[in-house]
Amino acid sequence: MMEFLLRLICLFSFALRTLAIWQTPNLAFSETPGGLKLGGTGSGPTIVIDSKDWPGVTRAGNDLANDFGLVTGTKGKLATSTSGLTNTPVIIAGTIGKSPLIDNLISTGKLDVSAVKGKWESFTTQVVPNPTDGVASALILAGSDKRGTIFALYDISEQIGVSPWYWWADVPPKRKTAIYALPITKTQGPPSIKYRGIFLNDEQPALTNWVRSAAGFGSYNAAFHAKVFELLLRLRANYFWPTMWASKFYVDDAKNGPLADEMGIVMGTSHTEPLARADKEKVKPWDWKANQAGLKKYMQDGATRAKNWETVWTMGMRGDGDTASPTLDAKQLVDVIAFQQGALKSALGVQDLRGVPQMWCVYKEVGGYYQAGMKVPEDVTILWSDDNSGNIQRLPISSEMSRSGNFGVYYHFDYVGDPRNYKWINSIQLSKTWEQMHLAHQKNATQIWIVNVGDLKPLELPISHFLDMAYDMSKFTSSASTDPWLEAWATREFGAAVSKGTAEAMATYGKLIIRRKYELLNLNFPYSTVNYDEAETVLGEWQALEVKAQKLYDGLDAETQIAFFEMVLHPIMAGRVVVQVYINAARNKAYAAQKRMSTNILADDVKKTYAQDAVIQKRYHSLVNGKWNHMMDQIHFGYNNWQDPASNSMPSVQTIGTTAPSTGIMGVSVQNSAASTPGDAAPTLPSIDPYTPENRTIDIYAKGSGTVDFTITASVPYIKVTPSSGTLTYPSGVSDIRAIITVDWTLAPKDTTTKADITIKPSKGTSATLTLPITNFAVPPSFTGYVESNGAVAIEMHRYTSLNPSSGTSLSIIPNYGRTASGLTLNPLPSSPLTPSTAPRAIYTFYALTTAAAAKVSVYLPPSFNVDPSSPLKYAIAIDDGTPITVTPVPSSTLGSMPGGWSESVINGARIVSSNVGRVEKGEHRLSVWLLEGGTTVQRLVVDLGGVKGSYLGPGESGWVGRGR
Ligand SMILES: *[C@@H]1O[C@H](CO)[C@@H](O)[C@H](O)[C@H]1NC(C)=O
Ligand SMILES: *[C@@H]1O[C@H](CO)[C@@H](O)[C@H](O)[C@H]1NC(C)=O
């Protein structure tokens with residue numbers, strides 16, 4: 001009974017929620033005053049679409065009719081007129097100016113479309129009484145144009161509980177017993193970005209082999225594209241670049257071109273495929289100088305072939321195979337574009353190209369031509385590219401603002417090339433996508449956003465996020481928008497019960513993966529196996545994340561588990577496996593050097609974990625009876641250059657013999673030292689103080705087979721080591737014990753630095769005596785802020801003391817940004833240049849326990865570019881009232897070439913710039929930060945007071961005292 005009641009309550013609360021992400025709800029799932037019943041168990045709506053309307057509208061209407069069936073068990077029907085529709089729920093959908101049915105309602109004053117008429121891709125939905133004879137009331141969906149109406153139809157689908165990903169990610173429809181339209185007027189559009197879409201690319205092996213086999217399409221034909229286009233429209237996108245490694249969109253299936261146009265997808269082609277032609281159709285030689293007639297015919301034929309279909313025409317050209325053409329320079333490129341514009345005019349039969357969307361992508365060497373002053377016709381949209389790694393290279397600057405073709409951005413969630421391919425699973429930090437695309441939007445690059453999504457399937461989440469921003473950036477003005485968006489996304493896909501946990505998990509995933517892509521983990525293995533317990537801590541974070549995701553998964557019903565596995569648990573689990581393999585392979589080497597017997601345990605762990613990779617892949621391939629077989633086939637282990645190796649390979653591991661050294665079985669090591677004693681000289685422990693954030697530990701371990709007991713004693717009574725004794729046994733027992741040191745600070749000598757000895761005595765063999773430096777200074781009780789430990793202060797950006805707005809802009813925190821915690825950025829962009837005296841200032845407070853003669857502040861930035869070359873990224877820092885030190889962190893570079901330090905910063909997910917700040921006395925200090933140019937974002941600050949050790953992420957966040965945050 002209790003359970004039954006609880007279930008009822010659950011049903012009721014879900015009944016009130018519609019599932020469209022951040023769109024105004026106009027439906028309800030229980031009877032509401034004035035609500036018009038649209039459907040439910042046993043009754044489906046009739047969706048009336050005039051036969052004169054766009055065929056794509058009828059097609060989407062048909063999808064909506066089916067979606068009612070998925071949700072309530074009773075499908076809707078399609079009709080072309082309202083005659084005979086008494087006593088049945090009616091939805092009338094149509095395009096203003098194209099649907100006589102809708103135009104009639106407007107002319108008779110029953111429908112007001114003034115809010116959307118004439119606008120791009122907009123719609124209004126209203127409940128209208130007596131729309132036509134015999135119909136008492138109907139829900140009217142009126143689109144300003146073809147896609148406006150299509151988006152209105154899919155908006156209903158999403159609200160009733162059919163995810164755009166219902167097919168592509170197996171999201172189960174959310175069952176309902178009744179669906180009502182609320183008596184409110186809703187309007188949506190126009191979208192923030194005019195043309196927004198995806199590029200399917202780098203499609204071999206996974207996508208192509210899936211298309212050929214498991215999916216049953218056979219090739220990149222119209223049946224395949226119908227699935228892609230439907231997904232895009234449900235995601236409110238409108239633009240598509242097709243696969244091109246081995247396919248020819250318009251040729252492979254003659255139905256492809258007409259299908260896109262019918263469904264309402266605007267076709268484009270990649271930056272290297274001019275005038276709607278495929279790379280694989282290119283004439284030979286592909287050389288404007290040697291074969292101009294051939295190239296001209298190729299381009300003219302492309303314009304002619306696609307002239308009847310909505311297209312954003314790709315202009316310009318590159319050399320063969322997407323490389324720089326050795327015989328083409330800026331002057332000739334101008335000729336190419338002039339010819340292309342002529343070809344378009346003649347194919348389309350127009351005098352000028354106003355209203356004909358054209359795009360020219362400034363990619364690689366072409367950037368150099370543009371920077372050198374190459375003139376581009378102003379009706380051509382200039383598409384700025386990122387660096388293929390998610391960092392936009394250039395954005396519109398003030399002198400370019402008046403171009404009628406405006407600007408756009410070509411972005412990457414997948415790439416084949418330098419520094420290394422990333423095309424296996426999702427490796428995108430959403431808050432970083434927000435940071436870059438929000439900047440693009442603020443700088444008015446709003447005509448086109450296109451993102452390279454590789455095989456599509458692994459990138460469901462970043463695709464949804466990118467397209468939601470492109471549709472309505474007004475919902476994403478806050479730098480804290482990503483996490484609430486994630487929660488709304490998780491609610492739609494998996495339900496409200498797990499939405500918060502899922503959002504947290506994917507925000508954490510973003511932080512872990514931005515540190516280093518999977519393919520790059522074996523390039524100078526990044527994490528320190530010695531300092532700050534870094535490698536182990538990172539592994540622990542991945543493992544904890546997987547535990548969290550697994551718990552969420554376990555709480556879901558079996559249907560939802562499939563979708564959750566595909567989009568959340570799989571990337572976390574598969575990612576953890578790769579990280580564990582590389583981290584434990586690195587630890588295995590470090591342990592071998594210390595002659596720890598657990599070297600062999602780690603070797604086994606690497607082998608066992610590596611074997612899990614294939615198991616997880618198999619599990620993915622067996623989902624839904626093999627529906628996704630071949631997805632995630634991409635090689636991801638064992639890269640040694642940018643290109644993927646022929647097969648996965650496990651990193652090498654070592655094993656060591658079991659003969660104990662003459663000093664006995666016992667060995668001892670401590671943090672921040674590679675030494676193993678006895679044998680090596682006994683290391684000094686890192687010092688401990690009341691604010692040390694991490695535990696001080698001693699590792700005691702077996703260096704040979706057998707058993708040994710040990711005891712641990714400290715030379716002073718206020719130091720406790722836990723455990724104080726133990727037994728090591730190898731191979732059949734506990735081979736490693738980690739002891740934790742704690743200090744009773746009330747008994748330790750105050751206001752001084754001292755030392756104590758800790759002795760580990762084995763029952764047989766040589767003892768080890770370690771020195772522990774102790775610093776026992778107290779910060780004043782009134783102090784709030786970070787406290788130095790071990791000569792370092794590591795600051796996360798969200799723990800500021802103050803953020804002062806100034807000059808019409810503010811410093812804002814981006815939660816879950818960067819490699820460790822959060823980002824600091826200017827939002828909104830300043831309207832005029834800033835200096836430390838005019839810019840908003842962030843203050844971070846810290847307390848130095850000792851005096852540093854020559855302190856240094858390291859600022860951790862993302863690998864961003866100077867998107868406005870005349871106003872490079874810039875910040876200033878100062879300690880206390882010191883003169884601000886102004887820094888332009890990114891060296892200037894020619895457009896299309898990468899700035900100095902680029903490769904390292906992209907590999908590391910951070911660019912670290914250090915400034916000397918001189919002497920810092922013991923006591924309280926303010927570290928001020930000013931961001932002086934839009935797009936400058938900081939993800940971490942480390943003050944080196946003389947003790948910072950080499951590591952990848954820097955010291956762990958420092959201890960914090962005083963008021964919490
Ligand atoms: C972007 O366009 C808007 C509207 O035209 C304008 O007010 C704003 O100043 C532009 N932004 C920039 C950075 O130029
Ligand atoms: C320190 O050790 C305690 C006791 O084992 C443990 O609960 C805690 O999580 C450790 N803290 C860190 C930062 O590792």
# chains A, B, ... in the order shown; residues from 1 in each chain; ligands from 1
>>> residues_around(residues="range 56-63 of chain A", least_positions_apart="5", cutoff="6 Å", atoms="only C-alpha atoms", output="list in words")
Ile150, Glu262 and Met263 of chain A
>>> residues_near_ligand(ligand="ligand 2", cutoff="8 Å", atoms="only C-alpha atoms and all ligand atoms", output="tab-separated table (two decimals) with C-alpha atoms, in the first residue's frame")
chain	number	residue	atom	x	y	z
A	693	PRO	CA	45.43	19.62	3.18
A	694	GLU	CA	46.60	16.12	2.32
A	695	ASN	CA	47.54	13.30	4.70
A	740	ILE	CA	49.19	8.03	8.28
>>> select_by_dssp(residues="range 73-303 of chain A", states="strand (DSSP E or B)", output="PyMOL selection string")
chain A and resi 77-79+90-95+123-129+137-143+178-181+186-188+195-199+239-241+266-267
>>> residues_near_ligand(ligand="ligand 1", cutoff="6 Å", atoms="only C-alpha atoms and all ligand atoms", output="short mmCIF file (atom, residue, chain, number, x, y, z; two decimals) with C-alpha atoms, in the first residue's frame")
data_model
loop_
_atom_site.label_atom_id
_atom_site.label_comp_id
_atom_site.auth_asym_id
_atom_site.auth_seq_id
_atom_site.Cartn_x
_atom_site.Cartn_y
_atom_site.Cartn_z
CA SER A 398 35.56 45.90 -34.96
CA GLN A 442 29.40 37.87 -27.92
CA LYS A 443 31.77 38.77 -30.72
CA ASN A 444 28.93 38.36 -33.21
#
>>> residues_around(residues="Val577 in chain A", least_positions_apart="3", cutoff="7 Å", atoms="only C-alpha atoms", output="count of residues only")
7
